[in-house]
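J.: Can you keep this structure in mind? I'll have questions shortly.
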Amino acid sequence: MHDLLACVVLGGGGYALTRAVVSRAVRWYRGRKDDVPPDMTPRDMEEDAQAAIVTDRPAGRLLRRDDPARVDPLATLPHMLDLLPGACIVFGPRGDLAHASTSARDMFGDTLGAIVRHPATQQVLEQLSTTAETTVTLDVPVRRVVRVLLRRIAPSVPGARGVVVALLEDRTGQDALDRMRGDFVAHASHELRTPLAALSGFIETLRGPAANDAPARARFLGIMAGQAERMLRLLDRLSYLSRVQMVEHQRPRTRIDIAPVVARAMDEARPLLEGADITCALDVAPGIGPVMADADQIVQVMLNLVGNAIRYAPGVAGRRARVDVTVANAPGRDGGAHAPWPCGGGVVVCVRDNGPGIPARYLPRVTEQFYRVPGQVQQGTGLGLAIVKHIVDRHGGRLQIESREGEGTACTLWLPPAEDGARDRRGGAVAAA
């Protein structure tokens, strides 16, 4: 048991809580000396008191040294680990997952199995003598980095089962921040170099040959303002992308109606239509089911998709530009063998334009950061669809982009259905849809 309490130190603040509970149990048991068997030493009493708080035995019934509930760590560990705020798991003698604390299940969910089976974890388990540490990197369904600290608990008596306790520390946010810094140096600095060079050139021209040329000065200032806005858009997109990546591994737990969220995004996108000869229509099917989503992020997704459609729709001469947005329930499991969605139900949102389209050879890369389709007159920051992809991954959804040259592009977003017992916008429990 002392080895167990030493292991609990890995839980940080949870150790203080466990120690306080153990101390109270010890004081209570020391007050019941009449019930103590004559062959139990003070050390036995303290160990037995520690075991009492995590075993479901009648009050006052002391366990003797040969009782399996005292010598088997698996009989006591699960209850104690559930008291800790940190994410803890127990590996059985064969390296399988014997128990996961409540915090571990809440924090990692279905990812626990992948962490346990990961080669880095299994390799450390095979070679573990006392304590060890490893890092597990998961790439599916989204990138996740977990630091695993392990400690082997030796059995108290020969023949008992030995177990390993592991503390899981989620390092995904720090990993995303580190990668974002690298991306900024590798990509953003290159993207900023062009507008900065343009600004430097125009400033030099205004100081020299165009110092007294009012028309040229006005034209150059307009170009400089456009380059400055381009840099601000790039920095804003980079900042937003970093925030999305920081929480990409945390699945939204809010149950929302998607139709009002899409309508809100359409209202915010209306300024993009000013002065443009573009028809933009929204069609929402009746009876749309709820989804688990972050409303603000879904609005950002729709703004990016609708903004792209409005930007590229007028690219075909002699054809009036049109953007259509539809919201409908996804087909159920009987929707056919060719249904593109991983499970039945959910909601499908489609943004379609009748612009020049995207050549098929470029479609696999359009969600990459800073990628721009060659030959397009309109050029954005190259981050819009990358942001969309990260948000969709966070929601456990799917993004499908289809395009034909000369006919237009369709971006289809699928979101999984809301879970039973989800929370509404006010944080209260709601009934299943």
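By convention in this document, the chains of the structure tokens carry letters A, B, ... by their order, each chain's residues are numbered from 1, and ligands are numbered from 1 in the order they are shown.
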Which residues are near Asp294 in chain A? Cut-off 7 Å, only C-alpha atoms, ignore same chain within fewer than 4 positions. Put them as a PyMOL selection string.

T.: chain A and resi 252+254+298

J.: Any chance you could export the current selection's N, CA and C atoms as an mmCIF file, in the first residue's frame?

T.:
```
data_model
loop_
_atom_site.group_PDB
_atom_site.id
_atom_site.type_symbol
_atom_site.label_atom_id
_atom_site.label_comp_id
_atom_site.auth_asym_id
_atom_site.auth_seq_id
_atom_site.Cartn_x
_atom_site.Cartn_y
_atom_site.Cartn_z
ATOM 1 N N PRO A 252 -16.760 18.999 -29.277
ATOM 2 C CA PRO A 252 -17.795 19.877 -28.709
ATOM 3 C C PRO A 252 -18.865 19.070 -27.978
ATOM 4 N N THR A 254 -21.877 20.658 -26.935
ATOM 5 C CA THR A 254 -23.087 21.481 -26.939
ATOM 6 C C THR A 254 -24.017 21.007 -28.048
ATOM 7 N N ILE A 298 -18.857 26.781 -36.366
ATOM 8 C CA ILE A 298 -19.652 26.438 -37.551
ATOM 9 C C ILE A 298 -19.936 27.694 -38.367
#
```

J.: Counting only C-alpha atoms, what is within 9 Å of range 116-133 of chain A, bar same-chain residues fewer than 3 positions away, as a list in words?

T.: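 Result of the neighbour search: Phe91, Gly95, Asp96, Leu97, Thr111, Leu112, Gly113, Val136, Thr137, Leu138, Arg147, Val148, Leu149, Leu150, Arg151, Arg152, Ile153, Ala154 and Val164 of chain A.
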
J.: Since we have the selection now, will you write its residues out, keeping N, CA and C atoms, as a PDB file, in the first residue's frame?

T.:
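Result file follows (part-v5.pdb):
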```
ATOM      1  N   PHE A  91      -2.805  -0.866 -15.908  1.00  0.00           N
ATOM      2  CA  PHE A  91      -2.515  -1.964 -16.815  1.00  0.00           C
ATOM      3  C   PHE A  91      -2.528  -3.264 -16.034  1.00  0.00           C
ATOM      4  N   GLY A  95      -0.588  -6.482 -19.705  1.00  0.00           N
ATOM      5  CA  GLY A  95      -0.436  -5.236 -20.441  1.00  0.00           C
ATOM      6  C   GLY A  95      -1.711  -4.696 -21.023  1.00  0.00           C
ATOM      7  N   ASP A  96      -2.849  -5.264 -20.638  1.00  0.00           N
ATOM      8  CA  ASP A  96      -4.131  -4.785 -21.129  1.00  0.00           C
ATOM      9  C   ASP A  96      -4.682  -3.720 -20.190  1.00  0.00           C
ATOM     10  N   LEU A  97      -5.714  -3.031 -20.620  1.00  0.00           N
ATOM     11  CA  LEU A  97      -6.319  -1.976 -19.810  1.00  0.00           C
ATOM     12  C   LEU A  97      -7.252  -2.600 -18.786  1.00  0.00           C
ATOM     13  N   THR A 111     -10.174   7.202 -27.189  1.00  0.00           N
ATOM     14  CA  THR A 111      -8.741   7.241 -27.498  1.00  0.00           C
ATOM     15  C   THR A 111      -7.920   6.390 -26.534  1.00  0.00           C
ATOM     16  N   LEU A 112      -8.491   6.009 -25.385  1.00  0.00           N
ATOM     17  CA  LEU A 112      -7.739   5.226 -24.398  1.00  0.00           C
ATOM     18  C   LEU A 112      -7.223   3.924 -24.997  1.00  0.00           C
ATOM     19  N   GLY A 113      -8.055   3.251 -25.790  1.00  0.00           N
ATOM     20  CA  GLY A 113      -7.623   2.000 -26.396  1.00  0.00           C
ATOM     21  C   GLY A 113      -6.418   2.183 -27.293  1.00  0.00           C
ATOM     22  N   VAL A 136       3.164   9.371 -26.487  1.00  0.00           N
ATOM     23  CA  VAL A 136       2.354   8.702 -27.504  1.00  0.00           C
ATOM     24  C   VAL A 136       1.787   9.762 -28.432  1.00  0.00           C
ATOM     25  N   THR A 137       1.988   9.592 -29.721  1.00  0.00           N
ATOM     26  CA  THR A 137       1.451  10.521 -30.723  1.00  0.00           C
ATOM     27  C   THR A 137       0.442   9.781 -31.587  1.00  0.00           C
ATOM     28  N   LEU A 138      -0.779  10.264 -31.580  1.00  0.00           N
ATOM     29  CA  LEU A 138      -1.859   9.682 -32.387  1.00  0.00           C
ATOM     30  C   LEU A 138      -2.219  10.656 -33.499  1.00  0.00           C
ATOM     31  N   ARG A 147       1.523  12.419 -22.928  1.00  0.00           N
ATOM     32  CA  ARG A 147       2.682  12.005 -22.125  1.00  0.00           C
ATOM     33  C   ARG A 147       2.209  10.959 -21.112  1.00  0.00           C
ATOM     34  N   VAL A 148       2.889   9.818 -21.080  1.00  0.00           N
ATOM     35  CA  VAL A 148       2.491   8.699 -20.222  1.00  0.00           C
ATOM     36  C   VAL A 148       3.594   8.439 -19.198  1.00  0.00           C
ATOM     37  N   LEU A 149       3.259   8.573 -17.912  1.00  0.00           N
ATOM     38  CA  LEU A 149       4.182   8.278 -16.821  1.00  0.00           C
ATOM     39  C   LEU A 149       3.714   6.994 -16.150  1.00  0.00           C
ATOM     40  N   LEU A 150       4.577   5.978 -16.103  1.00  0.00           N
ATOM     41  CA  LEU A 150       4.197   4.662 -15.613  1.00  0.00           C
ATOM     42  C   LEU A 150       4.991   4.284 -14.372  1.00  0.00           C
ATOM     43  N   ARG A 151       4.345   3.540 -13.473  1.00  0.00           N
ATOM     44  CA  ARG A 151       5.023   2.995 -12.287  1.00  0.00           C
ATOM     45  C   ARG A 151       4.470   1.611 -12.008  1.00  0.00           C
ATOM     46  N   ARG A 152       5.380   0.673 -11.837  1.00  0.00           N
ATOM     47  CA  ARG A 152       4.973  -0.697 -11.536  1.00  0.00           C
ATOM     48  C   ARG A 152       4.795  -0.855 -10.033  1.00  0.00           C
ATOM     49  N   ILE A 153       3.705  -1.469  -9.649  1.00  0.00           N
ATOM     50  CA  ILE A 153       3.431  -1.742  -8.232  1.00  0.00           C
ATOM     51  C   ILE A 153       3.672  -3.223  -7.988  1.00  0.00           C
ATOM     52  N   ALA A 154       4.670  -3.524  -7.206  1.00  0.00           N
ATOM     53  CA  ALA A 154       5.000  -4.923  -6.922  1.00  0.00           C
ATOM     54  C   ALA A 154       3.964  -5.510  -5.985  1.00  0.00           C
ATOM     55  N   VAL A 164       0.513  -2.080 -13.264  1.00  0.00           N
ATOM     56  CA  VAL A 164       1.212  -0.841 -13.583  1.00  0.00           C
ATOM     57  C   VAL A 164       0.189   0.281 -13.605  1.00  0.00           C
TER      58      VAL A 164
END
```

J.: Given the choices A:Glu407, A:Asp324, A:Asp82, A:Asp283, which gets closest to Gly357 in chain A if the distance is worked out from only C-alpha atoms?

T.: A:Glu407

J.: Kindly give the distance, in Å, that separates CA of Gly396 in chain A and CA of Arg144 in chain A, rounded to a single decimal.

T.: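 One can read the CA of Gly396 in chain A to CA of Arg144 in chain A distance as 14.0 Å.
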
J.: Just asking: which residues within range 231-410 of chain A are strand (DSSP E or B) according to DSSP, as a ChimeraX atom specification?

T.: /A:254-256,278-284,291-292,321-329,347-353,398-404,408-410

J.: Using only C-alpha atoms, which of A:Tyr240, A:Gly380, A:Leu363, A:Pro417 sits nearest Ser403 in chain A?

T.: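 Smallest separation from Ser403 in chain A among the options: A:Leu363.
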
J.: So, with only C-alpha atoms as the atoms that count, which of A:Glu204, A:Asp236, A:Asp170, A:Glu419 lies closest to Arg253 in chain A?

T.: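 Smallest separation from Arg253 in chain A among the options: A:Glu419.
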